[in-house]
>>> print(open('run20.csv').read())   # CSV, N, CA and C atoms
chain,number,residue,atom,x,y,z
A,29,MET,N,-28.4,-60.3,-36.3
A,29,MET,CA,-27.4,-61.2,-35.6
A,29,MET,C,-28.2,-62.5,-35.4
A,30,GLY,N,-27.6,-63.6,-35.8
A,30,GLY,CA,-28.2,-64.9,-35.6
A,30,GLY,C,-27.3,-66.1,-35.8
A,31,PHE,N,-27.8,-67.3,-35.4
A,31,PHE,CA,-27.0,-68.5,-35.6
A,31,PHE,C,-27.9,-69.6,-36.1
A,32,ALA,N,-27.2,-70.6,-36.6
A,32,ALA,CA,-27.8,-71.8,-37.1
A,32,ALA,C,-27.0,-73.0,-36.6
A,33,ILE,N,-27.6,-74.0,-36.2
A,33,ILE,CA,-27.0,-75.3,-35.7
A,33,ILE,C,-27.7,-76.4,-36.4
A,34,SER,N,-26.9,-77.3,-37.0
A,34,SER,CA,-27.5,-78.5,-37.6
A,34,SER,C,-26.7,-79.8,-37.1
A,35,VAL,N,-27.4,-80.9,-37.1
A,35,VAL,CA,-26.7,-82.2,-36.9
A,35,VAL,C,-27.1,-83.0,-38.1
A,36,VAL,N,-26.0,-83.5,-38.8
A,36,VAL,CA,-26.2,-84.2,-40.0
A,36,VAL,C,-25.4,-85.5,-40.0
A,37,PRO,N,-26.0,-86.6,-40.3
A,37,PRO,CA,-25.2,-87.8,-40.4
A,37,PRO,C,-24.3,-87.8,-41.7
A,38,GLU,N,-23.1,-88.1,-41.6
A,38,GLU,CA,-22.2,-88.2,-42.8
A,38,GLU,C,-22.3,-89.5,-43.4
A,39,ALA,N,-22.1,-89.6,-44.7
A,39,ALA,CA,-22.2,-90.9,-45.4
A,39,ALA,C,-21.1,-91.8,-44.9
A,40,VAL,N,-21.5,-93.0,-44.7
A,40,VAL,CA,-20.6,-94.1,-44.2
A,40,VAL,C,-19.9,-94.7,-45.4
A,41,PRO,N,-18.6,-94.7,-45.5
A,41,PRO,CA,-18.0,-95.3,-46.7
A,41,PRO,C,-18.2,-96.8,-46.8
A,42,GLU,N,-18.3,-97.3,-48.0
A,42,GLU,CA,-18.4,-98.7,-48.3
A,42,GLU,C,-17.2,-99.4,-47.7
A,43,PRO,N,-17.4,-100.6,-47.2
A,43,PRO,CA,-16.2,-101.4,-46.8
A,43,PRO,C,-15.3,-101.7,-48.0
A,44,GLU,N,-14.0,-101.7,-47.7
A,44,GLU,CA,-13.0,-101.9,-48.7
A,44,GLU,C,-13.1,-103.4,-49.2
A,45,ALA,N,-12.8,-103.6,-50.5
A,45,ALA,CA,-12.8,-104.9,-51.0
A,45,ALA,C,-11.8,-105.8,-50.3
A,46,GLY,N,-12.3,-107.0,-49.9
A,46,GLY,CA,-11.4,-107.9,-49.2
A,46,GLY,C,-11.5,-107.8,-47.7
A,47,SER,N,-12.2,-106.7,-47.2
A,47,SER,CA,-12.3,-106.6,-45.8
A,47,SER,C,-13.4,-107.4,-45.2
A,48,SER,N,-13.4,-107.7,-44.0
A,48,SER,CA,-14.3,-108.6,-43.3
A,48,SER,C,-15.7,-107.9,-43.3
A,49,ALA,N,-16.8,-108.6,-43.6
A,49,ALA,CA,-18.1,-108.1,-43.5
A,49,ALA,C,-18.5,-107.7,-42.1
A,50,ASP,N,-17.8,-108.3,-41.1
A,50,ASP,CA,-18.1,-108.0,-39.7
A,50,ASP,C,-17.6,-106.7,-39.3
A,51,VAL,N,-16.6,-106.1,-40.0
A,51,VAL,CA,-16.0,-104.8,-39.6
A,51,VAL,C,-16.6,-103.7,-40.6
A,52,LEU,N,-17.6,-103.1,-40.1
A,52,LEU,CA,-18.3,-102.0,-40.8
A,52,LEU,C,-17.7,-100.7,-40.4
A,53,PRO,N,-17.6,-99.7,-41.3
A,53,PRO,CA,-17.2,-98.4,-40.9
A,53,PRO,C,-18.2,-97.8,-39.9
A,54,GLU,N,-17.7,-96.9,-39.0
A,54,GLU,CA,-18.6,-96.3,-38.0
A,54,GLU,C,-19.3,-95.1,-38.7
A,55,ALA,N,-20.5,-94.9,-38.2
A,55,ALA,CA,-21.3,-93.7,-38.6
A,55,ALA,C,-20.7,-92.5,-37.9
A,56,VAL,N,-20.8,-91.3,-38.5
A,56,VAL,CA,-20.3,-90.1,-38.0
A,56,VAL,C,-21.4,-89.1,-38.1
A,57,PHE,N,-21.6,-88.3,-37.0
A,57,PHE,CA,-22.6,-87.3,-37.0
A,57,PHE,C,-21.9,-85.9,-36.8
A,58,ALA,N,-22.2,-85.0,-37.7
A,58,ALA,CA,-21.5,-83.7,-37.7
A,58,ALA,C,-22.4,-82.6,-37.1
A,59,VAL,N,-22.0,-81.9,-36.1
A,59,VAL,CA,-22.7,-80.8,-35.6
A,59,VAL,C,-22.0,-79.5,-36.2
A,60,THR,N,-22.8,-78.8,-36.9
A,60,THR,CA,-22.2,-77.6,-37.6
A,60,THR,C,-22.9,-76.3,-37.0
A,61,VAL,N,-22.0,-75.4,-36.6
A,61,VAL,CA,-22.5,-74.1,-36.0
A,61,VAL,C,-22.0,-73.0,-36.9
A,62,ARG,N,-23.0,-72.2,-37.3
A,62,ARG,CA,-22.7,-71.0,-38.1
A,62,ARG,C,-23.3,-69.8,-37.4
A,63,LEU,N,-22.5,-68.7,-37.4
A,63,LEU,CA,-22.9,-67.4,-36.8
A,63,LEU,C,-23.0,-66.4,-37.9
A,64,ASN,N,-24.1,-65.8,-38.1
A,64,ASN,CA,-24.2,-64.8,-39.1
A,64,ASN,C,-24.3,-63.4,-38.4
A,65,LEU,N,-23.1,-62.8,-38.3
A,65,LEU,CA,-23.0,-61.5,-37.7
A,65,LEU,C,-22.5,-60.4,-38.6
A,66,THR,N,-23.0,-59.2,-38.6
A,66,THR,CA,-22.4,-58.2,-39.3
A,66,THR,C,-21.1,-57.8,-38.7
A,67,SER,N,-20.3,-57.1,-39.4
A,67,SER,CA,-19.0,-56.6,-38.8
A,67,SER,C,-19.2,-55.9,-37.5
A,68,ARG,N,-20.2,-55.0,-37.5
A,68,ARG,CA,-20.6,-54.2,-36.3
A,68,ARG,C,-21.0,-55.1,-35.2
A,69,GLU,N,-21.9,-56.1,-35.5
A,69,GLU,CA,-22.4,-57.0,-34.4
A,69,GLU,C,-21.2,-57.8,-33.9
A,70,SER,N,-20.3,-58.3,-34.7
A,70,SER,CA,-19.1,-59.0,-34.3
A,70,SER,C,-18.2,-58.2,-33.4
A,71,SER,N,-18.0,-56.9,-33.7
A,71,SER,CA,-17.2,-56.0,-32.9
A,71,SER,C,-17.9,-55.7,-31.6
A,72,ASP,N,-19.2,-55.5,-31.6
A,72,ASP,CA,-20.0,-55.3,-30.4
A,72,ASP,C,-19.9,-56.5,-29.5
A,73,LEU,N,-20.0,-57.7,-30.0
A,73,LEU,CA,-19.9,-58.9,-29.3
A,73,LEU,C,-18.5,-59.0,-28.6
A,74,PHE,N,-17.5,-58.8,-29.4
A,74,PHE,CA,-16.1,-58.8,-28.8
A,74,PHE,C,-15.9,-57.8,-27.7
A,75,LEU,N,-16.4,-56.6,-27.9
A,75,LEU,CA,-16.2,-55.5,-26.9
A,75,LEU,C,-17.0,-55.8,-25.7
A,76,ALA,N,-18.2,-56.5,-25.8
A,76,ALA,CA,-19.0,-56.7,-24.7
A,76,ALA,C,-18.5,-57.9,-23.8
A,77,GLY,N,-17.4,-58.5,-24.3
A,77,GLY,CA,-16.8,-59.6,-23.5
A,77,GLY,C,-16.9,-60.9,-24.2
A,78,ASP,N,-17.5,-60.9,-25.4
A,78,ASP,CA,-17.6,-62.2,-26.2
A,78,ASP,C,-18.2,-63.3,-25.3
A,79,VAL,N,-18.3,-64.4,-25.9
A,79,VAL,CA,-18.8,-65.6,-25.1
A,79,VAL,C,-18.0,-66.8,-25.6
A,80,LEU,N,-17.5,-67.5,-24.6
A,80,LEU,CA,-16.7,-68.7,-24.9
A,80,LEU,C,-17.7,-69.9,-25.0
A,81,LEU,N,-17.8,-70.5,-26.2
A,81,LEU,CA,-18.7,-71.6,-26.3
A,81,LEU,C,-17.8,-72.9,-26.1
A,82,SER,N,-18.4,-73.8,-25.4
A,82,SER,CA,-17.6,-75.0,-25.1
A,82,SER,C,-18.5,-76.3,-25.3
A,83,TRP,N,-17.9,-77.4,-25.6
A,83,TRP,CA,-18.6,-78.6,-25.9
A,83,TRP,C,-17.8,-79.7,-25.3
A,84,PRO,N,-18.4,-80.9,-25.0
A,84,PRO,CA,-17.7,-82.0,-24.4
A,84,PRO,C,-16.8,-82.7,-25.4
A,85,PRO,N,-15.6,-83.1,-24.9
A,85,PRO,CA,-14.8,-83.8,-25.9
A,85,PRO,C,-15.1,-85.3,-26.0
A,86,GLU,N,-15.9,-85.8,-25.0
A,86,GLU,CA,-16.2,-87.3,-25.1
A,86,GLU,C,-16.7,-87.7,-26.4
A,87,ASP,N,-16.2,-88.7,-26.9
A,87,ASP,CA,-16.6,-89.4,-28.2
A,87,ASP,C,-16.5,-88.5,-29.4
A,88,SER,N,-15.9,-87.3,-29.3
A,88,SER,CA,-15.7,-86.5,-30.5
A,88,SER,C,-14.5,-87.0,-31.3
A,89,LEU,N,-14.6,-86.8,-32.6
A,89,LEU,CA,-13.6,-87.3,-33.4
A,89,LEU,C,-12.6,-86.1,-33.6
A,90,ALA,N,-13.1,-84.9,-33.5
A,90,ALA,CA,-12.3,-83.7,-33.6
A,90,ALA,C,-13.2,-82.6,-34.1
A,91,CYS,N,-12.8,-81.4,-33.9
A,91,CYS,CA,-13.6,-80.3,-34.5
A,91,CYS,C,-12.8,-79.8,-35.7
A,92,GLN,N,-13.5,-79.3,-36.7
A,92,GLN,CA,-12.9,-78.8,-37.9
A,92,GLN,C,-13.6,-77.5,-38.3
A,93,LEU,N,-12.8,-76.7,-39.0
A,93,LEU,CA,-13.4,-75.5,-39.5
A,93,LEU,C,-13.9,-75.7,-40.9
A,94,ALA,N,-15.2,-75.5,-41.0
A,94,ALA,CA,-15.8,-75.8,-42.3
A,94,ALA,C,-15.6,-74.7,-43.3
A,95,ALA,N,-15.1,-75.0,-44.4
A,95,ALA,CA,-14.8,-74.0,-45.5
A,95,ALA,C,-16.1,-73.7,-46.2
A,96,PRO,N,-16.2,-72.5,-46.8
A,96,PRO,CA,-17.4,-72.2,-47.5
A,96,PRO,C,-17.6,-73.1,-48.7
A,97,THR,N,-18.8,-73.4,-49.0
A,97,THR,CA,-19.1,-74.4,-50.1
A,97,THR,C,-20.3,-74.0,-50.8
A,98,ASP,N,-20.5,-74.6,-52.0
A,98,ASP,CA,-21.7,-74.4,-52.8
A,98,ASP,C,-22.8,-75.2,-52.1
A,99,GLU,N,-24.0,-74.6,-51.9
A,99,GLU,CA,-25.1,-75.2,-51.2
A,99,GLU,C,-25.5,-76.6,-51.9
A,100,GLN,N,-25.2,-76.7,-53.2
A,100,GLN,CA,-25.6,-77.9,-53.9
A,100,GLN,C,-24.6,-79.1,-53.7
A,101,ALA,N,-23.4,-78.8,-53.1
A,101,ALA,CA,-22.4,-79.8,-53.0
A,101,ALA,C,-22.7,-80.9,-52.0
A,102,GLY,N,-23.5,-80.6,-51.0
A,102,GLY,CA,-24.0,-81.6,-50.1
A,102,GLY,C,-23.1,-81.9,-48.9
A,103,SER,N,-21.8,-81.5,-49.0
A,103,SER,CA,-20.9,-81.7,-47.9
A,103,SER,C,-19.9,-80.5,-47.9
A,104,LEU,N,-19.4,-80.3,-46.7
A,104,LEU,CA,-18.4,-79.2,-46.6
A,104,LEU,C,-17.0,-79.7,-46.7
A,105,PRO,N,-16.1,-79.0,-47.5
A,105,PRO,CA,-14.7,-79.3,-47.4
A,105,PRO,C,-14.2,-78.8,-46.0
A,106,LEU,N,-13.3,-79.6,-45.4
A,106,LEU,CA,-13.0,-79.3,-44.0
A,106,LEU,C,-11.5,-79.0,-43.9
A,107,SER,N,-11.2,-78.3,-42.8
A,107,SER,CA,-9.8,-78.1,-42.5
A,107,SER,C,-9.2,-79.4,-41.8
A,108,ALA,N,-8.0,-79.4,-41.5
A,108,ALA,CA,-7.4,-80.5,-40.7
A,108,ALA,C,-8.0,-80.5,-39.4
A,109,PRO,N,-8.2,-81.7,-38.8
A,109,PRO,CA,-8.9,-81.7,-37.5
A,109,PRO,C,-8.1,-81.0,-36.4
A,110,LEU,N,-8.8,-80.3,-35.5
A,110,LEU,CA,-8.2,-79.6,-34.4
A,110,LEU,C,-8.7,-80.3,-33.1
A,111,THR,N,-7.8,-80.2,-32.1
A,111,THR,CA,-8.2,-80.7,-30.8
A,111,THR,C,-8.6,-79.5,-29.9
A,112,ARG,N,-9.9,-79.1,-30.0
A,112,ARG,CA,-10.4,-78.0,-29.2
A,112,ARG,C,-11.7,-78.4,-28.5
A,113,THR,N,-12.0,-77.8,-27.4
A,113,THR,CA,-13.3,-78.1,-26.7
A,113,THR,C,-14.0,-76.8,-26.4
A,114,SER,N,-13.4,-75.7,-27.0
A,114,SER,CA,-14.1,-74.4,-26.8
A,114,SER,C,-13.6,-73.4,-27.9
A,115,MET,N,-14.4,-72.4,-28.2
A,115,MET,CA,-14.1,-71.4,-29.1
A,115,MET,C,-15.0,-70.1,-28.9
A,116,PHE,N,-14.4,-69.0,-29.0
A,116,PHE,CA,-15.2,-67.7,-28.8
A,116,PHE,C,-16.2,-67.6,-30.0
A,117,ALA,N,-17.4,-67.1,-29.6
A,117,ALA,CA,-18.4,-66.8,-30.7
A,117,ALA,C,-17.9,-66.0,-31.8
A,118,SER,N,-17.1,-64.9,-31.5
A,118,SER,CA,-16.6,-64.1,-32.5
A,118,SER,C,-15.6,-64.8,-33.5
A,119,GLU,N,-14.9,-65.8,-32.9
A,119,GLU,CA,-14.0,-66.6,-33.8
A,119,GLU,C,-14.9,-67.4,-34.8
A,120,ILE,N,-16.0,-68.0,-34.3
A,120,ILE,CA,-16.8,-68.8,-35.1
A,120,ILE,C,-17.5,-68.0,-36.2
A,121,ALA,N,-17.9,-66.7,-35.8
A,121,ALA,CA,-18.5,-65.8,-36.7
A,121,ALA,C,-17.6,-65.5,-37.9
A,122,ARG,N,-16.3,-65.5,-37.7
A,122,ARG,CA,-15.4,-65.1,-38.7
A,122,ARG,C,-15.1,-66.3,-39.7
A,123,LEU,N,-15.6,-67.5,-39.4
A,123,LEU,CA,-15.4,-68.6,-40.2
A,123,LEU,C,-16.5,-68.7,-41.2
A,124,PRO,N,-16.3,-68.5,-42.5
A,124,PRO,CA,-17.3,-68.4,-43.5
A,124,PRO,C,-18.2,-69.7,-43.5
A,125,GLY,N,-17.7,-70.8,-43.3
A,125,GLY,CA,-18.5,-72.1,-43.3
A,125,GLY,C,-18.9,-72.5,-41.9
A,126,GLY,N,-18.4,-71.9,-40.9
A,126,GLY,CA,-18.8,-72.2,-39.5
A,126,GLY,C,-17.8,-73.2,-38.9
A,127,LEU,N,-18.2,-73.8,-37.8
A,127,LEU,CA,-17.4,-74.8,-37.1
A,127,LEU,C,-18.2,-76.1,-37.1
A,128,GLN,N,-17.4,-77.2,-37.4
A,128,GLN,CA,-18.0,-78.5,-37.4
A,128,GLN,C,-17.3,-79.4,-36.4
A,129,ILE,N,-18.1,-80.1,-35.6
A,129,ILE,CA,-17.6,-81.0,-34.6
A,129,ILE,C,-18.2,-82.4,-34.9
A,130,ARG,N,-17.4,-83.4,-35.0
A,130,ARG,CA,-17.9,-84.7,-35.5
A,130,ARG,C,-17.9,-85.7,-34.3
A,131,TYR,N,-19.0,-86.4,-34.2
A,131,TYR,CA,-19.2,-87.4,-33.1
A,131,TYR,C,-19.6,-88.8,-33.7
A,132,ARG,N,-19.3,-89.8,-32.9
A,132,ARG,CA,-19.7,-91.2,-33.4
A,132,ARG,C,-21.1,-91.5,-33.0
A,133,GLN,N,-21.7,-90.8,-32.1
A,133,GLN,CA,-23.1,-91.2,-31.7
A,133,GLN,C,-24.1,-90.0,-32.0
A,134,ALA,N,-25.2,-90.3,-32.6
A,134,ALA,CA,-26.2,-89.3,-32.9
A,134,ALA,C,-26.7,-88.7,-31.6
A,135,GLU,N,-27.0,-89.4,-30.6
A,135,GLU,CA,-27.5,-88.9,-29.4
A,135,GLU,C,-26.6,-87.8,-28.8
A,136,LEU,N,-25.3,-88.1,-28.7
A,136,LEU,CA,-24.3,-87.2,-28.2
A,136,LEU,C,-24.2,-85.9,-29.1
A,137,ALA,N,-24.3,-86.1,-30.4
A,137,ALA,CA,-24.2,-85.0,-31.3
A,137,ALA,C,-25.4,-84.1,-31.1
A,138,ASN,N,-26.6,-84.7,-30.9
A,138,ASN,CA,-27.8,-83.8,-30.6
A,138,ASN,C,-27.7,-83.1,-29.3
A,139,GLN,N,-27.1,-83.8,-28.3
A,139,GLN,CA,-26.9,-83.1,-27.0
A,139,GLN,C,-26.0,-82.0,-27.1
A,140,VAL,N,-24.9,-82.1,-27.8
A,140,VAL,CA,-23.9,-81.1,-28.0
A,140,VAL,C,-24.6,-79.9,-28.7
A,141,ALA,N,-25.4,-80.2,-29.8
A,141,ALA,CA,-26.1,-79.1,-30.5
A,141,ALA,C,-27.0,-78.3,-29.5
A,142,GLU,N,-27.6,-79.0,-28.6
A,142,GLU,CA,-28.5,-78.3,-27.7
A,142,GLU,C,-27.7,-77.5,-26.7
A,143,VAL,N,-26.6,-78.0,-26.2
A,143,VAL,CA,-25.7,-77.3,-25.3
A,143,VAL,C,-25.2,-76.0,-26.0
A,144,LEU,N,-24.8,-76.1,-27.2
A,144,LEU,CA,-24.3,-74.9,-27.9
A,144,LEU,C,-25.5,-73.9,-28.2
A,145,ARG,N,-26.6,-74.4,-28.5
A,145,ARG,CA,-27.8,-73.6,-28.7
A,145,ARG,C,-28.1,-72.8,-27.5
A,146,ARG,N,-28.1,-73.4,-26.3
A,146,ARG,CA,-28.4,-72.7,-25.0
A,146,ARG,C,-27.4,-71.7,-24.7
A,147,GLN,N,-26.1,-72.0,-25.0
A,147,GLN,CA,-25.0,-71.0,-24.8
A,147,GLN,C,-25.2,-69.7,-25.6
A,148,LEU,N,-25.5,-70.0,-26.9
A,148,LEU,CA,-25.7,-68.8,-27.8
A,148,LEU,C,-27.0,-68.0,-27.4
A,149,LEU,N,-28.0,-68.7,-27.1
A,149,LEU,CA,-29.2,-67.9,-26.7
A,149,LEU,C,-29.0,-67.1,-25.4
A,150,ARG,N,-28.2,-67.7,-24.4
A,150,ARG,CA,-27.9,-67.0,-23.2
A,150,ARG,C,-27.0,-65.7,-23.5
A,151,ALA,N,-26.3,-65.8,-24.6
A,151,ALA,CA,-25.4,-64.7,-25.0
A,151,ALA,C,-26.2,-63.6,-25.7
A,152,GLY,N,-27.5,-63.9,-26.0
A,152,GLY,CA,-28.3,-62.9,-26.6
A,152,GLY,C,-28.3,-63.0,-28.2
A,153,ILE,N,-27.8,-64.1,-28.7
A,153,ILE,CA,-27.7,-64.3,-30.1
A,153,ILE,C,-28.9,-65.1,-30.5
A,154,ARG,N,-29.7,-64.7,-31.4
A,154,ARG,CA,-31.0,-65.4,-31.7
A,154,ARG,C,-30.8,-66.5,-32.7
A,155,GLU,N,-31.6,-67.5,-32.7
A,155,GLU,CA,-31.5,-68.6,-33.7
A,155,GLU,C,-32.3,-68.2,-34.9
A,156,GLU,N,-31.6,-68.4,-36.1
A,156,GLU,CA,-32.3,-68.0,-37.3
A,156,GLU,C,-33.2,-69.2,-37.7
A,157,ALA,N,-34.3,-68.8,-38.4
A,157,ALA,CA,-35.3,-69.8,-38.8
A,157,ALA,C,-34.9,-70.6,-40.0
>>> encode(input="run20.csv", output="structure tokens")
Amino acid sequence: MGFAISVVPEAVPEPEAGSSADVLPEAVFAVTVRLNLTSRESSDLFLAGDVLLSWPPEDSLACQLAAPTDEQAGSLPLSAPLTRTSMFASEIARLPGGLQIRYRQAELANQVAEVLRRQLLRAGIREEA
């Protein structure tokens, strides 16, 4: 049973032709949470009361369910944005690509990753190397 959390800056698109050079696209930082649980571990977690993971909505663009992807692709295809600020660990474990929450500020994205990390460790789920 384990989890992995990453914070990755997403590529900023080039400004459209004819747009003002003063208006640059915003950077986006994606926090991705993946839980690697066996079916038995997921059932045990659910029966033990599960754990509700929560994150601050401030400055978030939305959370998305990351779809499974080829490791070489470099980015995850995503679901439509959801407005959520919490999700049960067992729900995240069932998502093959994990959960992705996007933020406009790197500092906030890193803080959210740390908050989620502490919640998972408190629930007895270890961080994978």
>>> closest_residue(input="run20.csv", among="A:Ser118, A:Val35, A:Pro84, A:Glu155", to="Ser71 in chain A", atoms="only N, CA and C atoms")
A:Ser118
>>> residues_near_point(input="run20.csv", point="(-27.6, -91.7, -34.7)", cutoff="10 Å", atoms="only C-alpha atoms", output="PyMOL selection string")
chain A and resi 35-37+55-57+131-138
>>> atom_distance(input="run20.csv", atom1="atom C of Gly77 in chain A", atom2="CA of Glu119 in chain A")
11.5 Å
>>> residues_around(input="run20.csv", residues="range 140-145 of chain A", least_positions_apart="5", cutoff="7 Å", atoms="only N, CA and C atoms", output="list in words")
Ile33, Ser34, Val35, Val59, Leu81, Ser82, Trp83, Pro84, Glu135 and Arg150 of chain A
>>> residues_around(input="run20.csv", residues="range 111-117 of chain A", least_positions_apart="2", cutoff="12 Å", atoms="only C-alpha atoms", output="PyMOL selection string")
chain A and resi 29-31+61-65+69-74+76-93+108-109+119-123+126-130+140+144-145+147-149+151-153
